[in-house]
Amino acid sequence: MSAKATINKEVFVPHDEKMLAAVQVKRKTKKKIPFLATGGQGDYLTFICLSVTNKKPAHVTITKVKQFQGTSAFVKRSQWTIDQLRQVNGIDSNKDSPEFDLTFDNAFDQWVAGSAGEKSTFVQILHHTCQRYIPMRKPEFVNCQSKLLGEAQAVDSVFVRCKVFMNRVRKDLVARHSHLPRRGRHLCGYDRTLIEREVTPPPAVTVIGEYKLEGISTSSPKVICELCSLSGPFTVSRACR
C-alpha cells in the first residue's frame, strides 16, 4: 500500500473523512526544530493533504501530516479549514515547477514538492475543491499555469454546451410559434399578422465571450438559465473580432 493510501486509511477514514489529494513536500528553507516529543531531530516525511467529511454539510480541511523516522505511523501536525486559505502561489506560471506557497489566516509556508507533476495535480484538485465548496471569498491562485486552473477548457466547454442547448430550444420555439397564429385566430379571433407582430419580439444581438446570440437582449450570462421563457427564436454564431 502506498504512503498516500495509508494516510487516507489511518488518518482520515477513522474520522469519517475522505482524502481528496496529498503531496509529499519539504520546506524550501529548512526549519530548525529544537526538540520533538516523538524523538526526532527533524527526521521525518511531510505530506500536505486535502480532505472532506462524508457527512453533509461537507467540511474541507488542509492537513499537515508527518511520519517520523523509526515509525510507520502517520500523525496530524497542523490543520486548517479551506475557508482559512487565502492564497496559493504557484511561483511560475510559464513553466512547470515543484515549488508552491500556501498562505492561511495565521500561517505561511513555502514548499517544494517531490516533483512538478505532484505539485500540479495537488494544485489542480485544490483549485477545483475551492470552487466547489467556498461560496464567497475564494482564495487567490497566483502564478499558476492556466492548465491547472482549467480556465480555457471550462470556458470553451460552457459555450459549446450553451450552443447545443440554445439551438435545441430554438427549434422547439420555432415549432411552437408555427402553431400560434392558427390557435390565436381560433380562440381570440386575432388576425394572423397581428398575432405574429405580438409574439415576435424585435431582433436583438448579445455577445458573450466569442459567441453572438441573435434574438436575445440581455447583459447577463444568466440568460442561459432562462431560455425556456423566451418568446422569440434565436441563433448562435461566433462574433466578429
# chains A, B, ... in the order shown; residues from 1 in each chain; ligands from 1
>>> residues_around(residues="Lys56 (chain A)", least_positions_apart="6", cutoff="12 Å", atoms="only C-alpha atoms", output="PyMOL selection string")
chain A and resi 16-17+133
>>> residues_around(residues="Gln87 (chain A)", least_positions_apart="5", cutoff="8 Å", atoms="only C-alpha atoms", output="number ranges by chain")
A: 101-104, 139-142
>>> select_by_dssp(residues="region 20-167 of chain A", states="alpha helix (DSSP H)", output="PyMOL selection string")
chain A and resi 116-133+146-149+151-167
>>> write_last_selection(atoms="C-alpha atoms", output="PDB file, in the first residue's frame")
ATOM      1  CA  ALA A 116       6.423  19.316 -10.638  1.00  0.00           C
ATOM      2  CA  GLY A 117       3.793  16.731 -11.614  1.00  0.00           C
ATOM      3  CA  GLU A 118       2.825  16.025  -7.990  1.00  0.00           C
ATOM      4  CA  LYS A 119       2.523  19.744  -7.260  1.00  0.00           C
ATOM      5  CA  SER A 120       0.432  20.309 -10.409  1.00  0.00           C
ATOM      6  CA  THR A 121      -2.012  17.535  -9.500  1.00  0.00           C
ATOM      7  CA  PHE A 122      -2.403  18.856  -5.952  1.00  0.00           C
ATOM      8  CA  VAL A 123      -2.929  22.489  -7.046  1.00  0.00           C
ATOM      9  CA  GLN A 124      -5.432  21.422  -9.710  1.00  0.00           C
ATOM     10  CA  ILE A 125      -7.545  19.422  -7.229  1.00  0.00           C
ATOM     11  CA  LEU A 126      -7.223  22.166  -4.590  1.00  0.00           C
ATOM     12  CA  HIS A 127      -8.485  24.797  -7.053  1.00  0.00           C
ATOM     13  CA  HIS A 128     -11.434  22.635  -8.096  1.00  0.00           C
ATOM     14  CA  THR A 129     -12.304  21.964  -4.442  1.00  0.00           C
ATOM     15  CA  CYS A 130     -12.202  25.684  -3.585  1.00  0.00           C
ATOM     16  CA  GLN A 131     -14.548  26.479  -6.464  1.00  0.00           C
ATOM     17  CA  ARG A 132     -16.960  23.807  -5.296  1.00  0.00           C
ATOM     18  CA  TYR A 133     -17.006  24.296  -1.532  1.00  0.00           C
ATOM     19  CA  SER A 146      -3.778  28.142 -16.728  1.00  0.00           C
ATOM     20  CA  LYS A 147      -3.914  24.406 -17.454  1.00  0.00           C
ATOM     21  CA  LEU A 148      -4.023  23.764 -13.698  1.00  0.00           C
ATOM     22  CA  LEU A 149      -6.965  26.098 -13.175  1.00  0.00           C
ATOM     23  CA  GLU A 151      -9.903  28.237 -17.301  1.00  0.00           C
ATOM     24  CA  ALA A 152      -9.667  27.867 -21.067  1.00  0.00           C
ATOM     25  CA  GLN A 153     -11.169  24.387 -21.087  1.00  0.00           C
ATOM     26  CA  ALA A 154     -14.028  25.420 -18.815  1.00  0.00           C
ATOM     27  CA  VAL A 155     -14.973  28.479 -20.880  1.00  0.00           C
ATOM     28  CA  ASP A 156     -14.891  26.567 -24.146  1.00  0.00           C
ATOM     29  CA  SER A 157     -16.898  23.701 -22.674  1.00  0.00           C
ATOM     30  CA  VAL A 158     -19.579  26.058 -21.323  1.00  0.00           C
ATOM     31  CA  PHE A 159     -20.078  27.800 -24.658  1.00  0.00           C
ATOM     32  CA  VAL A 160     -20.209  24.545 -26.577  1.00  0.00           C
ATOM     33  CA  ARG A 161     -22.902  23.197 -24.246  1.00  0.00           C
ATOM     34  CA  CYS A 162     -24.776  26.500 -24.418  1.00  0.00           C
ATOM     35  CA  LYS A 163     -24.690  26.480 -28.210  1.00  0.00           C
ATOM     36  CA  VAL A 164     -26.120  22.963 -28.397  1.00  0.00           C
ATOM     37  CA  PHE A 165     -28.780  23.740 -25.793  1.00  0.00           C
ATOM     38  CA  MET A 166     -29.848  27.028 -27.364  1.00  0.00           C
ATOM     39  CA  ASN A 167     -30.112  25.511 -30.824  1.00  0.00           C
TER      40      ASN A 167
END
>>> residues_around(residues="His15 (chain A)", least_positions_apart="3", cutoff="12 Å", atoms="only C-alpha atoms", output="PyMOL selection string")
chain A and resi 8-12+18-19+51-55
>>> atom_distance(atom1="CA of Asp43 (chain A)", atom2="CA of Lys4 (chain A)")
18.7 Å
>>> select_by_dssp(residues="region 10-157 of chain A", states="strand (DSSP E)", output="PyMOL selection string")
chain A and resi 17-27+44-53+60-68+75-81+85-89+99-104+108-113+140-142
>>> atom_distance(atom1="CA of Gly114 (chain A)", atom2="CA of Gln24 (chain A)")
6.0 Å
>>> closest_residue(among="A:Phe68, A:Phe100, A:Phe108, A:Phe74", to="Arg86 (chain A)", atoms="only C-alpha atoms")
A:Phe108
>>> residues_around(residues="Thr61 (chain A)", least_positions_apart="6", cutoff="9 Å", atoms="only C-alpha atoms", output="ChimeraX atom specification")
/A:49-53,79-83
